[in-house]
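Asker: coords_25.pdb is the file, holding PDB, C-alpha atoms and all ligand atoms:
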MODEL        1
ATOM      1  CA  MET A 173       0.000   0.000   0.000
ATOM      2  CA  ASN A 174       1.463   3.362  -0.852
ATOM      3  CA  TRP A 175       1.700   6.151   1.717
ATOM      4  CA  TYR A 176      -0.801   8.401  -0.049
ATOM      5  CA  LEU A 177      -3.460   5.683   0.043
ATOM      6  CA  ALA A 178      -2.787   4.913   3.743
ATOM      7  CA  ALA A 179      -2.945   8.616   4.637
ATOM      8  CA  GLY A 180      -6.189   8.969   2.634
ATOM      9  CA  ILE A 181      -7.817   6.040   4.483
ATOM     10  CA  LEU A 182      -6.724   7.429   7.864
ATOM     11  CA  LEU A 183      -8.046  10.882   7.003
ATOM     12  CA  LEU A 184     -11.362   9.426   5.840
ATOM     13  CA  ALA A 185     -11.653   7.393   9.078
ATOM     14  CA  ALA A 186     -10.882  10.482  11.196
ATOM     15  CA  VAL A 187     -13.441  12.605   9.311
ATOM     16  CA  THR A 188     -16.051   9.828   9.715
ATOM     17  CA  VAL A 189     -15.454   9.617  13.487
ATOM     18  CA  VAL A 190     -15.658  13.421  13.908
ATOM     19  CA  TRP A 191     -18.825  13.543  11.788
ATOM     20  CA  MET A 192     -20.406  10.723  13.832
ATOM     21  CA  LEU A 193     -19.487  12.360  17.136
ATOM     22  CA  HIS A 194     -21.014  15.617  15.945
ATOM     23  CA  ARG A 195     -24.154  13.958  14.549
ATOM     24  CA  GLU A 196     -24.783  11.719  17.560
ATOM     25  CA  ASN A 197     -24.325  14.636  19.929
ATOM     26  CA  ARG A 198     -26.512  17.148  18.085
ATOM     27  CA  ARG A 199     -29.482  15.022  17.089
ATOM     28  CA  PHE A 200     -31.896  12.738  18.783
ATOM     29  CA  LYS A 201     -34.383  10.133  17.639
ATOM     30  CA  VAL A 202     -37.806   9.152  18.916
ATOM     31  CA  THR A 203     -38.039   5.492  19.949
ATOM     32  CA  GLU A 204     -41.527   4.040  20.193
ATOM     33  CA  TYR A 205     -42.691   1.167  22.367
ATOM     34  CA  THR A 206     -46.117  -0.407  22.794
ATOM     35  CA  ILE A 207     -47.187  -2.197  25.951
ATOM     36  CA  GLU A 208     -50.511  -3.983  26.093
ATOM     37  CA  THR A 209     -52.178  -4.476  29.449
ATOM     38  CA  GLY A 210     -55.565  -5.411  30.829
ATOM     39  CA  LYS A 211     -54.969  -3.244  33.871
ATOM     40  CA  ILE A 212     -55.553   0.154  32.274
ATOM     41  CA  THR A 213     -58.952   1.556  31.408
ATOM     42  CA  LYS A 214     -57.930   3.747  28.468
ATOM     43  CA  ASN A 215     -55.029   4.088  26.072
ATOM     44  CA  ILE A 216     -52.283   6.409  27.229
ATOM     45  CA  THR A 217     -49.254   7.834  25.425
ATOM     46  CA  VAL A 218     -46.271   8.572  27.618
ATOM     47  CA  ALA A 219     -43.309  10.715  26.544
ATOM     48  CA  VAL A 220     -40.164   9.934  28.537
ATOM     49  CA  LEU A 221     -37.101  12.114  28.932
ATOM     50  CA  ALA A 222     -34.033  10.741  30.703
ATOM     51  CA  ASP A 223     -30.582  12.178  31.315
ATOM     52  CA  LEU A 224     -31.027  15.583  29.726
ATOM     53  CA  HIS A 225     -28.161  16.862  31.916
ATOM     54  CA  ASN A 226     -28.890  20.495  31.058
ATOM     55  CA  TYR A 227     -28.410  19.732  27.357
ATOM     56  CA  LYS A 228     -30.285  22.002  24.953
ATOM     57  CA  TYR A 229     -31.709  21.287  21.516
ATOM     58  CA  GLY A 230     -32.179  24.744  20.036
ATOM     59  CA  THR A 231     -33.107  27.954  21.809
ATOM     60  CA  ASP A 232     -35.123  27.130  24.918
ATOM     61  CA  ASN A 233     -35.069  23.461  23.862
ATOM     62  CA  GLU A 234     -37.609  24.231  21.132
ATOM     63  CA  GLU A 235     -36.601  21.175  19.054
ATOM     64  CA  LEU A 236     -37.318  18.865  21.951
ATOM     65  CA  MET A 237     -40.578  20.644  22.709
ATOM     66  CA  ARG A 238     -41.640  20.303  19.052
ATOM     67  CA  GLU A 239     -41.074  16.526  19.041
ATOM     68  CA  ILE A 240     -42.902  16.077  22.337
ATOM     69  CA  ARG A 241     -45.884  18.071  21.009
ATOM     70  CA  LYS A 242     -45.932  15.876  17.881
ATOM     71  CA  MET A 243     -46.415  12.804  20.074
ATOM     72  CA  ARG A 244     -49.512  14.339  21.694
ATOM     73  CA  PRO A 245     -48.651  12.645  24.972
ATOM     74  CA  ASP A 246     -51.157  12.225  27.783
ATOM     75  CA  VAL A 247     -48.304  12.504  30.245
ATOM     76  CA  VAL A 248     -44.617  13.391  30.176
ATOM     77  CA  ILE A 249     -42.259  11.647  32.563
ATOM     78  CA  SER A 250     -38.699  12.445  33.581
ATOM     79  CA  ALA A 251     -36.680   9.325  34.347
ATOM     80  CA  GLY A 252     -34.086  11.450  36.147
ATOM     81  CA  ASP A 253     -30.899  13.454  35.683
ATOM     82  CA  MET A 254     -32.549  16.393  33.961
ATOM     83  CA  ILE A 255     -29.828  18.563  35.460
ATOM     84  CA  GLU A 256     -26.168  18.217  36.245
ATOM     85  CA  GLY A 257     -25.229  17.885  39.902
ATOM     86  CA  ALA A 258     -21.870  19.622  39.738
ATOM     87  CA  GLU A 259     -20.823  22.954  41.244
ATOM     88  CA  ASN A 260     -19.705  24.320  37.850
ATOM     89  CA  ALA A 261     -22.878  23.182  36.031
ATOM     90  CA  LYS A 262     -24.351  25.613  33.547
ATOM     91  CA  GLY A 263     -27.965  25.967  32.434
ATOM     92  CA  THR A 264     -29.690  24.443  35.472
ATOM     93  CA  GLY A 265     -32.252  27.262  35.738
ATOM     94  CA  GLU A 266     -32.899  27.116  31.971
ATOM     95  CA  THR A 267     -33.549  23.379  32.172
ATOM     96  CA  LEU A 268     -36.082  23.798  34.959
ATOM     97  CA  ARG A 269     -37.803  26.594  33.070
ATOM     98  CA  PHE A 270     -38.053  24.270  30.035
ATOM     99  CA  LEU A 271     -39.539  21.538  32.248
ATOM    100  CA  SER A 272     -41.929  24.073  33.690
ATOM    101  CA  ARG A 273     -43.136  25.001  30.183
ATOM    102  CA  LEU A 274     -43.628  21.287  29.515
ATOM    103  CA  SER A 275     -45.610  20.924  32.742
ATOM    104  CA  LYS A 276     -47.951  23.727  31.680
ATOM    105  CA  GLU A 277     -48.832  21.858  28.466
ATOM    106  CA  PHE A 278     -48.853  18.285  29.770
ATOM    107  CA  PRO A 279     -49.176  16.506  33.102
ATOM    108  CA  PHE A 280     -45.504  16.204  34.020
ATOM    109  CA  TYR A 281     -44.000  13.764  36.525
ATOM    110  CA  TYR A 282     -40.481  14.666  37.582
ATOM    111  CA  GLY A 283     -38.714  11.432  38.579
ATOM    112  CA  MET A 284     -35.270  11.945  40.083
ATOM    113  CA  GLY A 285     -31.849  10.671  39.073
ATOM    114  CA  ASN A 286     -28.607  10.536  41.003
ATOM    115  CA  HIS A 287     -27.863  14.158  40.020
ATOM    116  CA  GLU A 288     -31.076  15.506  41.585
ATOM    117  CA  ARG A 289     -30.481  13.135  44.526
ATOM    118  CA  LYS A 290     -27.152  14.836  45.294
ATOM    119  CA  PHE A 291     -28.882  18.178  45.880
ATOM    120  CA  VAL A 292     -31.434  16.612  48.217
ATOM    121  CA  GLN A 293     -29.250  14.155  50.113
ATOM    122  CA  GLU A 294     -25.870  15.956  50.134
ATOM    123  CA  PRO A 295     -26.775  19.594  50.854
ATOM    124  CA  ASP A 296     -23.331  20.556  52.184
ATOM    125  CA  LYS A 297     -21.450  19.422  49.117
ATOM    126  CA  TYR A 298     -22.980  21.800  46.613
ATOM    127  CA  GLN A 299     -23.629  25.481  47.207
ATOM    128  CA  LYS A 300     -24.145  27.716  44.186
ATOM    129  CA  VAL A 301     -25.692  25.326  41.691
ATOM    130  CA  ARG A 302     -27.861  23.743  44.391
ATOM    131  CA  GLU A 303     -29.193  27.182  45.291
ATOM    132  CA  GLU A 304     -29.871  27.937  41.611
ATOM    133  CA  PHE A 305     -31.695  24.605  41.343
ATOM    134  CA  PHE A 306     -33.954  25.096  44.362
ATOM    135  CA  ASN A 307     -34.625  28.755  43.493
ATOM    136  CA  ALA A 308     -35.705  27.716  39.988
ATOM    137  CA  LEU A 309     -37.831  24.883  41.387
ATOM    138  CA  GLU A 310     -39.610  27.353  43.628
ATOM    139  CA  GLU A 311     -39.982  29.972  40.900
ATOM    140  CA  THR A 312     -41.421  27.443  38.432
ATOM    141  CA  GLY A 313     -43.573  25.556  40.934
ATOM    142  CA  LEU A 314     -42.124  22.221  39.809
ATOM    143  CA  SER A 315     -41.832  19.434  42.332
ATOM    144  CA  MET A 316     -39.783  16.270  42.175
ATOM    145  CA  MET A 317     -41.155  12.842  42.990
ATOM    146  CA  ASP A 318     -38.947  12.121  45.978
ATOM    147  CA  ASN A 319     -40.295   8.671  46.853
ATOM    148  CA  GLU A 320     -43.782   9.841  46.037
ATOM    149  CA  THR A 321     -46.741   8.324  44.254
ATOM    150  CA  CYS A 322     -49.354   9.969  42.006
ATOM    151  CA  GLU A 323     -52.401   8.549  40.317
ATOM    152  CA  ILE A 324     -54.044   8.831  36.940
ATOM    153  CA  PRO A 325     -57.380   7.613  38.262
ATOM    154  CA  ASP A 326     -59.312   7.633  34.976
ATOM    155  CA  ALA A 327     -56.710   5.274  33.454
ATOM    156  CA  ASN A 328     -56.194   3.095  36.579
ATOM    157  CA  ILE A 329     -52.500   3.999  36.638
ATOM    158  CA  LYS A 330     -50.200   4.793  39.535
ATOM    159  CA  ILE A 331     -46.811   6.433  39.084
ATOM    160  CA  THR A 332     -44.155   6.198  41.773
ATOM    161  CA  GLY A 333     -40.918   8.184  41.638
ATOM    162  CA  LEU A 334     -38.199   6.240  43.469
ATOM    163  CA  ASN A 335     -35.225   8.075  44.952
ATOM    164  CA  LEU A 336     -32.683   5.489  46.103
ATOM    165  CA  GLU A 337     -29.785   6.451  48.336
ATOM    166  CA  LYS A 338     -26.236   7.022  47.106
ATOM    167  CA  LYS A 339     -24.921   3.534  47.935
ATOM    168  CA  TYR A 340     -27.319   2.020  45.401
ATOM    169  CA  PHE A 341     -25.417   3.925  42.693
ATOM    170  CA  ARG A 342     -22.038   2.625  43.824
ATOM    171  CA  LYS A 343     -19.520   2.286  41.015
ATOM    172  CA  VAL A 344     -17.897  -0.965  39.831
ATOM    173  CA  LYS A 345     -19.650  -3.397  42.189
ATOM    174  CA  LEU A 346     -23.417  -3.142  42.563
ATOM    175  CA  TYR A 347     -24.833  -2.658  46.041
ATOM    176  CA  PRO A 348     -28.118  -4.478  45.490
ATOM    177  CA  ALA A 349     -31.381  -2.938  46.642
ATOM    178  CA  SER A 350     -34.145  -5.190  47.928
ATOM    179  CA  ALA A 351     -37.876  -5.129  47.276
ATOM    180  CA  ALA A 352     -38.354  -4.663  51.051
ATOM    181  CA  HIS A 353     -36.206  -1.514  50.945
ATOM    182  CA  ILE A 354     -38.317  -0.091  48.120
ATOM    183  CA  ASP A 355     -41.407  -0.936  50.212
ATOM    184  CA  ARG A 356     -39.934   1.089  53.068
ATOM    185  CA  LEU A 357     -39.246   4.077  50.801
ATOM    186  CA  VAL A 358     -42.443   4.225  48.773
ATOM    187  CA  GLY A 359     -44.889   1.683  50.224
ATOM    188  CA  LYS A 360     -46.131  -1.446  48.509
ATOM    189  CA  SER A 361     -46.933  -1.640  44.829
ATOM    190  CA  ASP A 362     -50.597  -1.571  43.896
ATOM    191  CA  ARG A 363     -51.348  -4.869  42.168
ATOM    192  CA  ASP A 364     -54.826  -3.680  41.104
ATOM    193  CA  ARG A 365     -53.458  -0.734  39.139
ATOM    194  CA  PHE A 366     -50.922  -0.491  36.341
ATOM    195  CA  HIS A 367     -48.047   0.656  38.491
ATOM    196  CA  ILE A 368     -45.241   2.591  36.822
ATOM    197  CA  LEU A 369     -42.016   2.885  38.798
ATOM    198  CA  ILE A 370     -39.659   5.673  37.754
ATOM    199  CA  ALA A 371     -36.324   4.248  38.844
ATOM    200  CA  HIS A 372     -33.265   5.880  37.388
ATOM    201  CA  ASN A 373     -30.741   3.054  37.833
ATOM    202  CA  PRO A 374     -31.629  -0.021  35.735
ATOM    203  CA  ASP A 375     -29.090  -2.219  37.509
ATOM    204  CA  GLN A 376     -31.541  -2.639  40.403
ATOM    205  CA  MET A 377     -34.087  -4.344  38.112
ATOM    206  CA  GLU A 378     -34.363  -7.414  40.341
ATOM    207  CA  ALA A 379     -35.586  -5.293  43.257
ATOM    208  CA  TYR A 380     -38.040  -3.381  41.046
ATOM    209  CA  ALA A 381     -39.511  -6.654  39.724
ATOM    210  CA  GLY A 382     -39.648  -8.085  43.271
ATOM    211  CA  TRP A 383     -41.442  -4.938  44.433
ATOM    212  CA  GLY A 384     -44.098  -5.562  41.775
ATOM    213  CA  ALA A 385     -43.740  -2.765  39.203
ATOM    214  CA  ASP A 386     -45.668  -3.317  35.988
ATOM    215  CA  LEU A 387     -43.440  -0.895  34.102
ATOM    216  CA  VAL A 388     -40.062   0.493  35.135
ATOM    217  CA  LEU A 389     -38.747   3.620  33.413
ATOM    218  CA  SER A 390     -34.975   3.995  33.691
ATOM    219  CA  GLY A 391     -32.035   5.922  32.312
ATOM    220  CA  HIS A 392     -28.589   6.564  33.750
ATOM    221  CA  VAL A 393     -26.552   4.333  31.399
ATOM    222  CA  HIS A 394     -26.609   6.632  28.327
ATOM    223  CA  GLY A 395     -26.678   3.534  26.127
ATOM    224  CA  GLY A 396     -23.174   2.572  27.206
ATOM    225  CA  MET A 397     -21.729   5.581  25.337
ATOM    226  CA  ILE A 398     -20.146   3.668  22.417
ATOM    227  CA  VAL A 399     -22.156   0.831  20.935
ATOM    228  CA  ILE A 400     -20.168  -2.007  19.423
ATOM    229  CA  PRO A 401     -22.467  -3.406  16.724
ATOM    230  CA  GLY A 402     -23.653  -6.919  17.589
ATOM    231  CA  ILE A 403     -22.363  -6.629  21.156
ATOM    232  CA  GLY A 404     -23.894  -3.549  22.810
ATOM    233  CA  GLY A 405     -22.895  -0.550  24.884
ATOM    234  CA  LEU A 406     -19.271  -0.334  25.990
ATOM    235  CA  ILE A 407     -19.327   1.312  29.416
ATOM    236  CA  SER A 408     -21.826   2.488  32.033
ATOM    237  CA  PRO A 409     -21.536   5.385  34.515
ATOM    238  CA  GLN A 410     -20.980   2.634  37.132
ATOM    239  CA  LEU A 411     -17.783   1.875  35.162
ATOM    240  CA  THR A 412     -19.085  -1.536  34.157
ATOM    241  CA  LEU A 413     -17.823  -2.749  30.811
ATOM    242  CA  PHE A 414     -20.536  -4.058  28.472
ATOM    243  CA  PRO A 415     -23.351  -3.386  30.970
ATOM    244  CA  LYS A 416     -26.166  -5.934  31.035
ATOM    245  CA  TYR A 417     -28.707  -3.116  30.692
ATOM    246  CA  ASP A 418     -27.681  -0.527  28.107
ATOM    247  CA  GLY A 419     -30.925   0.451  26.392
ATOM    248  CA  GLY A 420     -34.215  -0.989  25.183
ATOM    249  CA  GLU A 421     -36.923  -3.219  26.629
ATOM    250  CA  TYR A 422     -36.313  -5.907  29.243
ATOM    251  CA  ARG A 423     -38.614  -8.321  31.052
ATOM    252  CA  MET A 424     -38.339  -9.992  34.436
ATOM    253  CA  GLY A 425     -41.391 -11.910  35.675
ATOM    254  CA  ASN A 426     -44.402  -9.598  35.256
ATOM    255  CA  THR A 427     -42.238  -6.486  35.069
ATOM    256  CA  THR A 428     -41.194  -4.693  31.909
ATOM    257  CA  MET A 429     -38.380  -2.173  32.019
ATOM    258  CA  ILE A 430     -37.864   0.411  29.299
ATOM    259  CA  LEU A 431     -34.410   1.868  29.496
ATOM    260  CA  SER A 432     -33.678   5.105  27.676
ATOM    261  CA  ARG A 433     -30.341   5.714  26.006
ATOM    262  CA  GLY A 434     -30.640   9.258  27.328
ATOM    263  CA  ILE A 435     -31.424  12.523  25.575
ATOM    264  CA  GLY A 436     -28.282  14.370  26.693
ATOM    265  CA  ASN A 437     -24.727  13.726  27.770
ATOM    266  CA  HIS A 438     -22.656  14.275  30.843
ATOM    267  CA  THR A 439     -18.874  14.594  31.457
ATOM    268  CA  VAL A 440     -17.719  12.675  28.367
ATOM    269  CA  HIS A 441     -19.759  13.893  25.428
ATOM    270  CA  VAL A 442     -19.245  10.880  23.212
ATOM    271  CA  ARG A 443     -21.863   8.794  21.458
ATOM    272  CA  ILE A 444     -21.077   6.347  18.693
ATOM    273  CA  PHE A 445     -23.830   4.216  17.115
ATOM    274  CA  ASN A 446     -25.810   5.393  20.110
ATOM    275  CA  ARG A 447     -28.151   8.201  19.140
ATOM    276  CA  ALA A 448     -29.717  10.222  21.958
ATOM    277  CA  GLU A 449     -33.390   9.388  22.283
ATOM    278  CA  LEU A 450     -36.760  10.538  23.421
ATOM    279  CA  LEU A 451     -39.151   7.711  24.272
ATOM    280  CA  CYS A 452     -42.762   7.493  23.176
ATOM    281  CA  ILE A 453     -44.540   4.669  24.989
ATOM    282  CA  HIS A 454     -48.037   3.644  23.988
ATOM    283  CA  LEU A 455     -49.925   1.900  26.775
ATOM    284  CA  LYS A 456     -52.714  -0.011  25.062
ATOM    285  CA  LYS A 457     -55.750  -1.312  26.836
ATOM    286  CA  ILE A 458     -56.642  -4.939  26.010
TER     287      ILE A 458
HETATM  288 FE    FE B   1     -27.687   9.088  36.206
ENDMDL
END
Once more with this new file: its structure as structure tokens, please.
Answerer:
Amino acid sequence: MNWYLAAGILLLAAVTVVWMLHRENRRFKVTEYTIETGKITKNITVAVLADLHNYKYGTDNEELMREIRKMRPDVVISAGDMIEGAENAKGTGETLRFLSRLSKEFPFYYGMGNHERKFVQEPDKYQKVREEFFNALEETGLSMMDNETCEIPDANIKITGLNLEKKYFRKVKLYPASAAHIDRLVGKSDRDRFHILIAHNPDQMEAYAGWGADLVLSGHVHGGMIVIPGIGGLISPQLTLFPKYDGGEYRMGNTTMILSRGIGNHTVHVRIFNRAELLCIHLKKI
């Protein structure tokens, strides 16, 4: 092979990687799921945002807003990490104002991730950005589901926002949660309703299924950042290589989990074969 050809191939590969990084970081897709259940009394469309991390698609997140409006959702759910829990984080107030606009158009359920958890459970560690966060929450009237449950009575649906403690997000080696611990935090699941559990960390799936969730909505893993075709996501925020749960639909017993690949990025802004996504879940009555 001559040197010109080798240099040309290398240049082409570099341009392709840069183009992919740019594309995967600036665009998102809408991924649709359908779940059929005899527990609900009417069809419901749920838009799910996970791991926005203060990311913006257009001025005031208008691109994201446009796609959500197109779905005509009955409810919009955050599966956590809408903001970035770091002292130098930028755009926290803007993110909450975007969520507030969403909540004025649609019933909005703000499930928490580990980044929101930090502000609630580690108040001494963060000063400025935590203050900005709580000021914006107050100004916008938004409230997070901190181990709280809401109902959509006309659809026979309950939605519980789980906020697990820090140790359940431990890196490298999972500290497993138990169904009994979830009981203590949020009470028992309601077997007569279609019970949605917003639970940011998918690695605790066994506990969620044991608790009795019909549908778990998770995020956190960002699709494993780089997807190796035919294998899956490369690395999770827990620093697990080839995480078992990287994105998509999973079943355990009577529980279905839908795991978002995330709509934003955090710390390392790299996505390869792993487009950011907004979820559109159709709950169909059978
Ligand atoms: Fe997270």
Asker: Could you produce a table of the residues of chain A lying within 7 Å of ligand FE 1 (chain B), with the nearest pair of atoms per residue and their separation in Å rounded to one decimal, using all atoms listed in the file, ordered by chain and increasing residue number, as CSV?
Answerer:
residue,atom,partner,partner_atom,distance
A:Asp223,CA,B:FE1,FE,6.5
A:Gly252,CA,B:FE1,FE,6.8
A:Asp253,CA,B:FE1,FE,5.4
A:Gly285,CA,B:FE1,FE,5.3
A:Asn286,CA,B:FE1,FE,5.1
A:His287,CA,B:FE1,FE,6.3
A:His372,CA,B:FE1,FE,6.5
A:Asn373,CA,B:FE1,FE,7.0
A:Gly391,CA,B:FE1,FE,6.6
A:His392,CA,B:FE1,FE,3.6
A:Val393,CA,B:FE1,FE,6.9
Asker: Emit the selected residues as a short mmCIF file (atom, residue, chain, number, x, y, z; two decimals), in the coordinates of the input, including C-alpha atoms.
Answerer:
data_model
loop_
_atom_site.label_atom_id
_atom_site.label_comp_id
_atom_site.auth_asym_id
_atom_site.auth_seq_id
_atom_site.Cartn_x
_atom_site.Cartn_y
_atom_site.Cartn_z
CA ASP A 223 -30.58 12.18 31.32
CA GLY A 252 -34.09 11.45 36.15
CA ASP A 253 -30.90 13.45 35.68
CA GLY A 285 -31.85 10.67 39.07
CA ASN A 286 -28.61 10.54 41.00
CA HIS A 287 -27.86 14.16 40.02
CA HIS A 372 -33.26 5.88 37.39
CA ASN A 373 -30.74 3.05 37.83
CA GLY A 391 -32.03 5.92 32.31
CA HIS A 392 -28.59 6.56 33.75
CA VAL A 393 -26.55 4.33 31.40
#
Asker: Just the number, please: distance in Å from CA of Lys211 in chain A to CA of Gly382 in chain A, one decimal.
Answerer: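 Spanning CA of Lys211 in chain A to CA of Gly382 in chain A is a straight-line distance of 18.6 Å.
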Asker: Using the chain letters and numbers from this file, what does the PyMOL selection byres (((chain A and resi 248) around 12) and not hetatm) select? Give the answer as a PyMOL selection string.
Answerer: chain A and resi 216-222+237+240-241+243-247+249-251+271-283+331+370+389+450-453
Asker: Could you state which residues are captured by the PyMOL selection byres (((chain A and resi 318-320) around 7) and not hetatm) in this file, as a PDB file with C-alpha atoms, in the coordinates of the input?
Answerer:
ATOM      1  CA  MET A 284     -35.270  11.945  40.083  1.00  0.00           C
ATOM      2  CA  MET A 316     -39.783  16.270  42.175  1.00  0.00           C
ATOM      3  CA  MET A 317     -41.155  12.842  42.990  1.00  0.00           C
ATOM      4  CA  THR A 321     -46.741   8.324  44.254  1.00  0.00           C
ATOM      5  CA  CYS A 322     -49.354   9.969  42.006  1.00  0.00           C
ATOM      6  CA  THR A 332     -44.155   6.198  41.773  1.00  0.00           C
ATOM      7  CA  GLY A 333     -40.918   8.184  41.638  1.00  0.00           C
ATOM      8  CA  LEU A 334     -38.199   6.240  43.469  1.00  0.00           C
ATOM      9  CA  ASN A 335     -35.225   8.075  44.952  1.00  0.00           C
ATOM     10  CA  LEU A 357     -39.246   4.077  50.801  1.00  0.00           C
ATOM     11  CA  VAL A 358     -42.443   4.225  48.773  1.00  0.00           C
TER      12      VAL A 358
END
Asker: The PyMOL selection byres (((chain A and resi 350-355) around 8) and not hetatm) - which residues does that actually catch in the file I just gave you? List them as a VMD selection string.
Answerer: chain A and resid 334 348 to 349 356 to 361 378 to 383
Asker: If you measure from CA of Asp232 in chain A to CA of Phe270 in chain A, what distance in Å do you get, rounded to one decimal?
Answerer: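 Interatomic distance, CA of Asp232 in chain A to CA of Phe270 in chain A: 6.6 Å.
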Asker: Please determine, counting all atoms listed in the file, which residue among A:Gln410, A:Thr439, A:Asn260, A:Asn328 has the shortest atom-to-atom distance to Tyr347 in chain A.
Answerer: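 Looking at the shortest contact to Tyr347 in chain A, the residue is A:Gln410.
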Asker: Using only C-alpha atoms, determine which residues lie at most 10 Å from Ile255 in chain A, disregarding the query and same-chain residues fewer than 4 positions distant; provide the list as an NGL selection string.
Answerer: :A and (223-227 or 261-268 or 284-288 or 305 or 436 or 438)
Asker: I need the residue nearest Lys457 in chain A from this list: A:Met254, A:Glu304, A:Phe366, A:Tyr176. Use all atoms listed in the file for the distance.
Answerer: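 The shortest atom-to-atom distance to Lys457 in chain A comes from A:Phe366.
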Asker: Can you work out which one of A:Leu413, A:Met424, A:Ala186, A:Leu236 has the shortest atom-to-atom distance to Lys343 in chain A, counting all atoms listed in the file?
Answerer: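 When distances to Lys343 in chain A are compared using all atoms listed in the file, the smallest one comes from A:Leu413.
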Asker: Please measure the separation of CA of Ala258 in chain A and CA of Arg289 in chain A, giving the value in Å to one decimal.
Answerer: 11.8 Å
Asker: Neighbouring residues of Glu421 in chain A were defined as those with any atom within 10 Å, considering only C-alpha atoms; residues of the same chain fewer than 4 positions away were excluded. Please report them as a list in words.
Answerer: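 The residues satisfying every condition are Tyr205, Val388, Leu389, Tyr417, Thr428, Met429, Ile430, Leu431 and Ser432 of chain A.
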Asker: Using only C-alpha atoms, which residue out of A:Leu387, A:Leu406, A:Val399, A:Val292 lies closest to Arg447 in chain A?
Answerer: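 Among the listed residues, A:Val399 lies closest to Arg447 in chain A.
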Asker: Using all atoms listed in the file, which of A:Pro374, A:Lys228, A:Pro401, A:Phe291 sits nearest Asn197 in chain A?
Answerer: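 Of all the options, A:Lys228 lies closest to Asn197 in chain A.
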Asker: For each of A:Phe306, A:Phe341, A:Trp191, A:Phe414, take the minimum atom-to-atom distance to Arg443 in chain A, counting all atoms listed in the file, then give the residue where this is smallest.
Answerer: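 Checking each of A:Phe306, A:Phe341, A:Trp191, A:Phe414 against Arg443 in chain A, counting all atoms listed in the file, the winner is A:Trp191.
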